[in-house]
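Participant: Just so it is clear, I am handing over input17.txt, which has compact mmCIF, C-alpha atoms (C1' of nucleotides).
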```txt
# COMPACT_ATOMS: atom_id res chain seq x y z
CA MET A 1 0.00 0.00 0.00
CA ASN A 2 1.42 3.32 -1.05
CA LEU A 3 0.37 6.60 0.47
CA SER A 4 -2.39 7.23 -2.04
CA ASP A 5 -3.97 3.90 -1.16
CA VAL A 6 -3.79 4.75 2.52
CA ILE A 7 -5.47 8.09 1.99
CA GLU A 8 -8.13 6.43 -0.13
CA SER A 9 -8.99 3.93 2.59
CA TYR A 10 -8.99 6.63 5.21
CA ILE A 11 -11.51 8.73 3.32
CA LYS A 12 -13.71 5.72 2.66
CA GLN A 13 -13.51 4.74 6.29
CA MET A 14 -14.56 8.26 7.27
CA MET A 15 -17.55 8.04 4.99
CA VAL A 16 -18.63 4.77 6.52
CA GLU A 17 -18.25 6.10 10.02
CA THR A 18 -20.16 9.29 9.48
CA GLN A 19 -22.93 7.10 8.12
CA ASN A 20 -23.53 9.76 5.57
CA GLU A 21 -23.17 9.91 1.86
CA VAL A 22 -21.53 13.33 2.06
CA LEU A 23 -18.19 13.94 3.69
CA GLU A 24 -16.89 17.45 4.16
CA ILE A 25 -13.22 17.62 4.88
CA LYS A 26 -10.39 20.07 4.52
CA ARG A 27 -7.79 19.18 1.96
CA SER A 28 -5.18 20.82 4.16
CA MET A 29 -6.20 18.64 7.11
CA LEU A 30 -5.73 15.49 5.10
CA ALA A 31 -2.39 16.67 3.77
CA GLU A 32 -1.34 17.55 7.30
CA ARG A 33 -2.47 14.22 8.69
CA PHE A 34 -0.63 12.22 6.07
CA LYS A 35 2.37 14.53 5.89
CA CYS A 36 2.06 15.09 2.19
CA VAL A 37 1.60 18.05 -0.09
CA PRO A 38 -2.01 19.12 -0.55
CA SER A 39 -2.00 18.31 -4.22
CA GLN A 40 -1.55 14.67 -3.41
CA ILE A 41 -5.09 14.73 -2.14
CA ASN A 42 -6.21 15.93 -5.55
CA TYR A 43 -4.38 13.02 -7.08
CA VAL A 44 -6.16 10.57 -4.82
CA ILE A 45 -9.51 12.15 -5.61
CA ALA A 46 -8.85 12.15 -9.32
CA THR A 47 -7.78 8.54 -9.49
CA ARG A 48 -10.10 6.92 -6.94
CA PHE A 49 -13.15 8.99 -6.24
CA ILE A 50 -14.52 8.91 -9.72
CA PRO A 51 -18.03 9.26 -11.11
CA GLU A 52 -17.94 5.74 -12.49
CA LEU A 53 -18.17 4.52 -8.94
CA GLY A 54 -20.77 6.99 -7.80
CA PHE A 55 -18.44 9.56 -6.30
CA TYR A 56 -18.83 13.25 -6.97
CA VAL A 57 -16.44 15.73 -5.46
CA GLU A 58 -17.12 19.42 -5.12
CA SER A 59 -15.09 21.98 -3.28
CA ARG A 60 -15.01 25.50 -2.02
CA ARG A 61 -11.89 27.64 -1.81
CA GLY A 62 -11.12 30.50 0.50
CA GLY A 63 -11.51 30.71 4.24
CA GLY A 64 -13.51 27.81 5.56
CA GLY A 65 -13.20 26.09 2.19
CA CYS A 66 -13.19 22.33 1.98
CA LEU A 67 -13.79 19.26 -0.10
CA ARG A 68 -17.24 17.75 -0.33
CA ILE A 69 -17.04 14.15 -1.29
CA CYS A 70 -20.44 12.78 -2.17
CA LYS A 71 -21.25 9.17 -2.63
CA VAL A 72 -24.36 8.38 -4.56
CA ASN A 73 -25.69 5.04 -3.51
CA LEU A 74 -26.81 3.31 -6.63
CA GLU A 75 -28.55 0.04 -7.20
CA GLU A 76 -26.30 -2.81 -8.26
CA GLN A 77 -27.35 -2.60 -11.83
CA GLU A 78 -26.87 1.15 -11.87
CA TYR A 79 -23.24 0.85 -10.81
CA ILE A 80 -22.68 -1.42 -13.71
CA THR A 81 -24.40 0.73 -16.30
CA ASN A 82 -22.66 3.75 -14.83
CA ILE A 83 -19.28 2.14 -15.33
CA LEU A 84 -20.13 0.96 -18.81
CA ASP A 85 -21.45 4.40 -19.75
CA LYS A 86 -18.51 6.38 -18.53
CA MET A 87 -15.66 4.04 -19.15
CA GLY A 88 -14.80 4.77 -22.75
CA SER A 89 -13.24 2.44 -25.26
CA LYS A 90 -9.94 1.94 -23.49
CA LEU A 91 -9.21 0.47 -20.10
CA SER A 92 -5.91 0.16 -18.28
CA GLN A 93 -5.27 -2.57 -15.76
CA SER A 94 -5.01 -0.12 -12.92
CA VAL A 95 -8.33 1.54 -13.67
CA ALA A 96 -9.93 -1.88 -14.06
CA ASP A 97 -8.59 -2.71 -10.63
CA VAL A 98 -10.20 0.37 -9.18
CA TYR A 99 -13.55 -0.63 -10.70
CA LEU A 100 -13.32 -4.22 -9.57
CA GLN A 101 -12.19 -3.47 -6.04
CA ASN A 102 -15.09 -1.10 -5.60
CA LEU A 103 -17.64 -3.50 -7.07
CA LEU A 104 -16.30 -6.10 -4.70
CA GLY A 105 -16.66 -3.66 -1.83
CA TYR A 106 -20.29 -3.07 -2.74
CA ASN A 107 -20.86 -6.81 -2.94
CA ILE A 108 -21.90 -6.54 -6.52
CA ILE A 109 -19.43 -9.19 -7.55
CA ASP A 110 -17.64 -11.85 -5.57
CA SER A 111 -13.92 -12.26 -5.28
CA ARG A 112 -13.87 -15.27 -7.54
CA THR A 113 -15.44 -13.28 -10.34
CA VAL A 114 -12.93 -10.50 -9.75
CA LYS A 115 -10.19 -13.06 -10.13
CA LEU A 116 -11.68 -14.37 -13.35
CA ILE A 117 -12.11 -10.94 -14.87
CA LYS A 118 -8.64 -9.90 -13.81
CA SER A 119 -7.17 -13.00 -15.38
CA ALA A 120 -9.04 -12.38 -18.58
CA ILE A 121 -7.76 -8.82 -18.92
CA SER A 122 -4.29 -9.36 -17.51
CA ASP A 123 -1.21 -8.48 -19.51
CA LYS A 124 -0.39 -12.16 -19.49
CA SER A 125 -3.64 -12.93 -21.27
CA LEU A 126 -3.04 -10.11 -23.70
CA GLU A 127 0.63 -10.72 -24.36
CA ASN A 128 -0.09 -11.43 -27.99
CA VAL A 129 -2.07 -8.26 -28.54
CA SER A 130 -0.25 -5.28 -29.96
CA ILE A 131 0.69 -2.78 -27.32
CA LEU A 132 -1.36 -0.18 -29.16
CA ASP A 133 -4.55 -2.21 -28.87
CA LYS A 134 -4.17 -3.70 -25.42
CA ASP A 135 -6.29 -1.21 -23.54
CA LYS A 136 -8.91 -1.34 -26.24
CA VAL A 137 -9.15 -5.13 -26.13
CA ARG A 138 -9.12 -4.98 -22.35
CA ALA A 139 -12.11 -2.66 -22.46
CA ASP A 140 -13.94 -4.94 -24.90
CA ILE A 141 -13.40 -8.03 -22.76
CA PHE A 142 -14.34 -6.20 -19.59
CA LYS A 143 -17.54 -4.91 -21.13
CA CYS A 144 -18.52 -8.27 -22.55
CA MET A 145 -17.96 -10.07 -19.29
CA VAL A 146 -19.79 -7.47 -17.25
CA ILE A 147 -22.71 -7.27 -19.64
CA ASN A 148 -23.14 -11.00 -19.96
CA CYS A 149 -22.54 -12.05 -16.42
CA LEU A 150 -23.50 -9.33 -13.97
CA MET B 1 21.36 -24.90 -9.55
CA ASN B 2 21.80 -21.70 -11.44
CA LEU B 3 20.68 -18.37 -10.10
CA SER B 4 17.26 -18.51 -11.70
CA ASP B 5 16.63 -21.83 -9.99
CA VAL B 6 17.70 -20.39 -6.68
CA ILE B 7 15.38 -17.44 -7.06
CA GLU B 8 12.58 -19.77 -8.07
CA SER B 9 13.00 -21.89 -4.95
CA TYR B 10 13.28 -18.86 -2.78
CA ILE B 11 9.98 -17.50 -4.02
CA LYS B 12 8.29 -20.87 -3.62
CA GLN B 13 9.72 -21.20 -0.14
CA MET B 14 8.38 -17.78 0.74
CA MET B 15 4.95 -18.81 -0.45
CA VAL B 16 5.02 -21.90 1.72
CA GLU B 17 6.17 -19.97 4.74
CA THR B 18 3.63 -17.22 4.50
CA GLN B 19 1.05 -19.99 4.40
CA ASN B 20 -0.70 -18.02 1.78
CA GLU B 21 -1.25 -18.60 -1.86
CA VAL B 22 -0.46 -14.95 -2.57
CA LEU B 23 2.97 -13.45 -2.17
CA GLU B 24 3.57 -9.74 -2.51
CA ILE B 25 7.16 -8.82 -3.00
CA LYS B 26 9.23 -6.07 -4.53
CA ARG B 27 11.15 -6.97 -7.62
CA SER B 28 13.90 -4.63 -6.50
CA MET B 29 14.17 -6.46 -3.16
CA LEU B 30 14.63 -9.79 -4.86
CA ALA B 31 17.20 -8.36 -7.24
CA GLU B 32 18.99 -6.80 -4.31
CA ARG B 33 18.93 -9.99 -2.31
CA PHE B 34 20.33 -12.10 -5.11
CA LYS B 35 22.66 -9.43 -6.41
CA CYS B 36 21.28 -9.58 -9.88
CA VAL B 37 19.70 -7.11 -12.27
CA PRO B 38 15.98 -6.60 -11.73
CA SER B 39 15.13 -7.97 -15.12
CA GLN B 40 16.40 -11.35 -14.08
CA ILE B 41 13.40 -11.55 -11.82
CA ASN B 42 11.21 -11.06 -14.87
CA TYR B 43 13.01 -13.91 -16.53
CA VAL B 44 12.34 -16.19 -13.58
CA ILE B 45 8.69 -15.17 -13.53
CA ALA B 46 8.33 -15.62 -17.26
CA THR B 47 9.87 -19.08 -17.33
CA ARG B 48 8.72 -20.58 -14.03
CA PHE B 49 5.65 -18.82 -12.75
CA ILE B 50 3.39 -19.35 -15.71
CA PRO B 51 -0.28 -20.30 -15.90
CA GLU B 52 0.49 -23.80 -17.11
CA LEU B 53 2.27 -24.37 -13.84
CA GLY B 54 -0.54 -22.89 -11.81
CA PHE B 55 0.74 -19.41 -11.20
CA TYR B 56 -0.75 -16.04 -11.80
CA VAL B 57 1.41 -12.94 -11.49
CA GLU B 58 0.22 -9.37 -11.25
CA SER B 59 2.27 -6.26 -10.70
CA ARG B 60 2.08 -2.57 -10.07
CA ARG B 61 4.58 0.02 -11.18
CA GLY B 62 5.41 3.34 -9.60
CA GLY B 63 5.93 4.23 -5.99
CA GLY B 64 4.95 1.37 -3.74
CA GLY B 65 4.78 -0.98 -6.71
CA CYS B 66 5.43 -4.69 -6.36
CA LEU B 67 4.89 -8.16 -7.74
CA ARG B 68 1.96 -10.30 -6.63
CA ILE B 69 2.55 -13.94 -7.23
CA CYS B 70 -0.47 -16.17 -6.80
CA LYS B 71 -0.43 -19.93 -6.65
CA VAL B 72 -3.35 -22.03 -7.71
CA ASN B 73 -3.65 -25.58 -6.60
CA LEU B 74 -3.30 -27.56 -9.77
CA GLU B 75 -2.08 -30.84 -8.34
CA GLU B 76 -5.37 -32.61 -7.94
CA GLN B 77 -6.81 -31.03 -11.06
CA GLU B 78 -5.33 -33.48 -13.48
CA TYR B 79 -8.07 -32.90 -15.94
CA ILE B 80 -7.19 -29.27 -16.29
CA THR B 81 -3.48 -29.85 -16.63
CA ASN B 82 -4.32 -32.37 -19.29
CA ILE B 83 -6.31 -29.89 -21.27
CA LEU B 84 -3.71 -27.20 -20.89
CA ASP B 85 -0.98 -29.57 -21.96
CA LYS B 86 -2.76 -30.61 -25.09
CA MET B 87 -4.12 -27.27 -25.94
CA GLY B 88 -1.25 -25.67 -27.75
CA SER B 89 -0.98 -22.01 -28.44
CA LYS B 90 -4.15 -21.53 -30.43
CA LEU B 91 -7.77 -22.10 -29.58
CA SER B 92 -10.92 -21.69 -31.63
CA GLN B 93 -14.28 -20.88 -30.09
CA SER B 94 -15.68 -24.26 -31.02
CA VAL B 95 -12.83 -26.20 -29.48
CA ALA B 96 -13.07 -24.01 -26.41
CA ASP B 97 -16.74 -24.93 -26.17
CA VAL B 98 -15.87 -28.60 -26.17
CA TYR B 99 -13.37 -28.14 -23.39
CA LEU B 100 -15.79 -26.10 -21.38
CA GLN B 101 -18.57 -28.64 -21.76
CA ASN B 102 -16.22 -31.32 -20.51
CA LEU B 103 -15.07 -29.28 -17.55
CA LEU B 104 -18.70 -28.61 -16.76
CA GLY B 105 -19.52 -32.28 -17.11
CA TYR B 106 -16.82 -33.24 -14.64
CA ASN B 107 -18.05 -30.54 -12.28
CA ILE B 108 -14.69 -28.87 -12.36
CA ILE B 109 -16.29 -25.56 -13.18
CA ASP B 110 -19.83 -24.28 -12.84
CA SER B 111 -22.08 -22.90 -15.54
CA ARG B 112 -21.59 -19.31 -14.49
CA THR B 113 -17.84 -19.68 -14.92
CA VAL B 114 -18.44 -21.17 -18.32
CA LYS B 115 -20.45 -18.10 -19.20
CA LEU B 116 -17.70 -15.79 -17.96
CA ILE B 117 -15.04 -17.60 -19.92
CA LYS B 118 -17.18 -17.74 -23.03
CA SER B 119 -17.77 -14.00 -22.85
CA ALA B 120 -14.10 -13.30 -22.39
CA ILE B 121 -13.06 -15.31 -25.42
CA SER B 122 -16.00 -14.43 -27.65
CA ASP B 123 -15.44 -12.84 -31.02
CA LYS B 124 -17.17 -9.79 -29.65
CA SER B 125 -14.50 -9.46 -26.96
CA LEU B 126 -11.78 -9.97 -29.49
CA GLU B 127 -13.13 -7.76 -32.25
CA ASN B 128 -10.10 -5.51 -32.01
CA VAL B 129 -7.61 -8.32 -32.25
CA SER B 130 -6.17 -9.07 -35.65
CA ILE B 131 -7.76 -12.10 -37.25
CA LEU B 132 -4.35 -13.75 -37.36
CA ASP B 133 -3.91 -13.52 -33.62
CA LYS B 134 -7.44 -14.18 -32.41
CA ASP B 135 -7.05 -17.87 -31.66
CA LYS B 136 -3.74 -17.23 -30.00
CA VAL B 137 -5.14 -14.59 -27.69
CA ARG B 138 -8.16 -16.81 -27.05
CA ALA B 139 -5.83 -19.56 -25.91
CA ASP B 140 -3.94 -17.21 -23.62
CA ILE B 141 -7.10 -15.91 -21.99
CA PHE B 142 -8.57 -19.40 -21.68
CA LYS B 143 -5.49 -20.73 -19.92
CA CYS B 144 -5.32 -17.89 -17.49
CA MET B 145 -8.98 -18.10 -16.64
CA VAL B 146 -9.27 -21.84 -16.33
CA ILE B 147 -6.40 -21.91 -13.91
CA ASN B 148 -7.72 -19.06 -11.89
CA CYS B 149 -11.25 -20.29 -11.52
CA LEU B 150 -10.22 -23.21 -9.35
C1' DT C 1 -20.75 51.56 3.53
C1' DA C 2 -18.15 50.36 -0.45
C1' DT C 3 -13.80 49.02 -1.76
C1' DA C 4 -9.26 47.40 -1.33
C1' DA C 5 -5.91 44.48 0.80
C1' DT C 6 -4.86 40.21 3.08
C1' DA C 7 -5.33 35.65 4.47
C1' DA C 8 -7.02 31.17 3.84
C1' DT C 9 -8.36 27.84 1.09
C1' DA C 10 -8.33 24.75 -3.02
C1' DG C 11 -6.79 23.77 -8.16
C1' DT C 12 -3.45 22.87 -11.99
C1' DC C 13 0.26 21.13 -14.21
C1' DA C 14 4.63 19.65 -15.08
C1' DA C 15 8.90 17.76 -13.21
C1' DA C 16 11.09 14.46 -10.33
C1' DG C 17 11.04 9.98 -8.25
C1' DA C 18 10.04 5.16 -7.71
C1' DA C 19 8.85 1.25 -9.14
C1' DA C 20 8.29 -2.54 -12.84
C1' DG C 21 8.58 -4.04 -18.08
C1' DT C 22 10.95 -4.98 -22.61
C1' DC C 23 14.20 -6.61 -25.57
C1' DA C 24 18.23 -7.86 -27.49
C1' DA C 25 23.09 -8.83 -26.87
C1' DA C 26 26.43 -11.45 -24.43
C1' DG C 27 27.61 -15.40 -21.79
C1' DT C 28 27.02 -20.42 -20.34
C1' DT C 29 25.86 -25.08 -20.55
C1' DA C 30 24.22 -29.53 -22.21
C1' DT D 1 25.28 -25.56 -31.75
C1' DA D 2 20.93 -24.87 -29.65
C1' DA D 3 18.78 -23.74 -25.61
C1' DC D 4 18.95 -21.43 -21.54
C1' DT D 5 20.65 -17.69 -18.47
C1' DT D 6 22.52 -13.27 -17.32
C1' DT D 7 23.09 -8.42 -18.13
C1' DG D 8 22.05 -3.70 -19.08
C1' DA D 9 20.23 0.11 -21.62
C1' DC D 10 16.02 1.96 -22.46
C1' DT D 11 10.73 2.41 -21.74
C1' DT D 12 6.39 2.73 -19.41
C1' DT D 13 3.48 3.44 -15.60
C1' DC D 14 2.13 5.28 -11.35
C1' DT D 15 3.13 8.33 -7.35
C1' DT D 16 4.94 12.29 -5.03
C1' DT D 17 6.35 17.01 -4.90
C1' DG D 18 6.30 21.90 -5.53
C1' DA D 19 5.77 26.23 -7.85
C1' DC D 20 2.30 28.91 -9.46
C1' DT D 21 -2.78 30.14 -10.02
C1' DA D 22 -7.69 30.90 -8.71
C1' DT D 23 -11.28 31.67 -5.55
C1' DT D 24 -13.49 33.04 -1.31
C1' DA D 25 -13.79 35.08 3.29
C1' DT D 26 -12.25 38.43 6.40
C1' DT D 27 -10.28 42.62 7.74
C1' DA D 28 -8.73 47.26 7.01
C1' DT D 29 -9.42 51.63 4.78
C1' DA D 30 -11.47 55.53 2.19
```
Reformat the file's structure so that it appears as structure tokens.

Facilitator:
Amino acid sequence: MNLSDVIESYIKQMMVETQNEVLEIKRSMLAERFKCVPSQINYVIATRFIPELGFYVESRRGGGGCLRICKVNLEEQEYITNILDKMGSKLSQSVADVYLQNLLGYNIIDSRTVKLIKSAISDKSLENVSILDKDKVRADIFKCMVINCL
Amino acid sequence: MNLSDVIESYIKQMMVETQNEVLEIKRSMLAERFKCVPSQINYVIATRFIPELGFYVESRRGGGGCLRICKVNLEEQEYITNILDKMGSKLSQSVADVYLQNLLGYNIIDSRTVKLIKSAISDKSLENVSILDKDKVRADIFKCMVINCL
DNA sequence: TATAATAATAGTCAAAGAAAGTCAAAGTTA
DNA sequence: TAACTTTGACTTTCTTTGACTATTATTATA
């Protein structure tokens, strides 16, 4: 676990604890707490709190400003259509991981299915696909599997 | 025993000791420990930790990156090793179907897994793979998935 | 009171850093 | 000599950092 992962879990934990789908928190507080530069928080938000997974982040600057991280609780099927809608025609392994870990967290898929999907879209599986097309093929496989099986 | 063999045993030993079928380790640590270049670790992985031998390896680059070596229990799954042995490097959809029906018949995999695998190796999934490589990629995906669904 | 200055936030973007991956050449061994 | 192993230069990916910018609230001033 690198620092970004730690910050991600912390924020998610906070959201669970406050039992609320909106978390208001100061970026500077997070940066302080994790001894990092404030912009690292933006990186975490940008890579992990994404609309595909029902997260919407707003913010206010100036005195008393803060981040507002909102989690929209969707129905199982909505998460899936949401991901399919927003995901585009390319998919990297790391973004796929983010999707799958979250779906697992929401109990929309089980860990065995995660394993199967990850195997199917792994670089090992795609070693004979041109580097230029890998993320495209990965997206195709991911979509097919999700559409047919979830 | 050459160095690659030593590294191979070391990794396997580690997996036994951690009593876990997943080992997370830094490539740079291994290279350091065995005083070799990091890419030698890739060589060991590529030649000894392959799906046919029941291994699945993931990795993450960047800060905090590492290798994740997963072991699947293939020993008592003779039927699968048989199929993988015979399979060769190419696989058509129809031959895949035959294999899958057999695996289903022997209760080695369930029908949902069959569906997942079929989706992953469907022509729809592989529409962006050159016609020349389709059956090759299909074989790669099939191997990875069959091993990982155990 | 209206406006200007200051402080307190957060945002952006690119560079630096920290891993791992690739590939081919050189070396070894059976 | 063919197959396997070792090496290293170069590439790609992901994370961390920091300088600079933008916005908002508060305080001071005309």

Participant: What lies within 7 Å of segment 61-74 of chain A using only C-alpha atoms (C1' of nucleotides), ignoring chain neighbours under 5 positions off, as a list of chain:residue names?

Facilitator: A:Glu21, A:Val22, A:Leu23, A:Glu24, A:Ile25, A:Lys26, A:Arg27, A:Gly54, A:Phe55, A:Tyr56, A:Tyr79, C:DA8, C:DT9, C:DA10, D:DT23, D:DT24, D:DA25

Participant: The selected residues should be written to file as a CSV table (one decimal), keeping the file's coordinate frame (atoms: C-alpha atoms (C1' of nucleotides)).

Facilitator:
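That gives us out-v6.csv:
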```csv
chain,number,residue,atom,x,y,z
A,21,GLU,CA,-23.2,9.9,1.9
A,22,VAL,CA,-21.5,13.3,2.1
A,23,LEU,CA,-18.2,13.9,3.7
A,24,GLU,CA,-16.9,17.4,4.2
A,25,ILE,CA,-13.2,17.6,4.9
A,26,LYS,CA,-10.4,20.1,4.5
A,27,ARG,CA,-7.8,19.2,2.0
A,54,GLY,CA,-20.8,7.0,-7.8
A,55,PHE,CA,-18.4,9.6,-6.3
A,56,TYR,CA,-18.8,13.2,-7.0
A,79,TYR,CA,-23.2,0.8,-10.8
C,8,DA,C1',-7.0,31.2,3.8
C,9,DT,C1',-8.4,27.8,1.1
C,10,DA,C1',-8.3,24.8,-3.0
D,23,DT,C1',-11.3,31.7,-5.6
D,24,DT,C1',-13.5,33.0,-1.3
D,25,DA,C1',-13.8,35.1,3.3
```

Participant: Could you superimpose chain A onto chain B using all C-alpha atoms, paired one by one in order, and tell me the resulting RMSD in Å?

Facilitator: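 So the superposition leaves a C-alpha RMSD of 11.5 Å.
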
Participant: Define the interface residues of chain A facing chain B as those within 12 Å, counting all atoms listed in the file, and report them as a ChimeraX atom specification.

Facilitator: /A:1-6,89-90,92-95,97,111-150

Participant: Output the contact residues of chain D with respect to chain A at a cut-off of 10 Å, based on all atoms listed in the file, as a PDB file with C-alpha atoms (C1' of nucleotides), in the coordinates of the input.

Facilitator:
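So the final result, stored in result_22.pdb, reads:
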```pdb
ATOM      1  C1'  DT D  13       3.480   3.440 -15.600  1.00  0.00           C
ATOM      2  C1'  DC D  14       2.130   5.280 -11.350  1.00  0.00           C
ATOM      3  C1'  DT D  15       3.130   8.330  -7.350  1.00  0.00           C
ATOM      4  C1'  DT D  16       4.940  12.290  -5.030  1.00  0.00           C
ATOM      5  C1'  DT D  17       6.350  17.010  -4.900  1.00  0.00           C
ATOM      6  C1'  DG D  18       6.300  21.900  -5.530  1.00  0.00           C
ATOM      7  C1'  DA D  22      -7.690  30.900  -8.710  1.00  0.00           C
ATOM      8  C1'  DT D  23     -11.280  31.670  -5.550  1.00  0.00           C
ATOM      9  C1'  DT D  24     -13.490  33.040  -1.310  1.00  0.00           C
ATOM     10  C1'  DA D  25     -13.790  35.080   3.290  1.00  0.00           C
ATOM     11  C1'  DT D  26     -12.250  38.430   6.400  1.00  0.00           C
TER      12       DT D  26
END
```

Participant: Could you list, as a ChimeraX atom specification, the residues of chain C having an atom within 12 Å of chain A when counting all atoms listed in the file?

Facilitator: /C:6-13,18-19,21-22

Participant: Taking all listed atoms of segment 82-90 of chain A, build the axis-aligned box, pad each of the six sides by 3 Å, then write its centre and edge lengths in Å to one decimal as AutoDock Vina command-line options.

Facilitator:
```
--center_x -16.3 --center_y 3.7 --center_z -20.0 --size_x 18.7 --size_y 11.4 --size_z 16.4
```

Participant: Just to confirm, what's the straight-line distance from atom CA of Arg48 of chain B to atom CA of Ile80 of chain B in Å (one decimal)?

Facilitator: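 So the answer is 18.3 Å.
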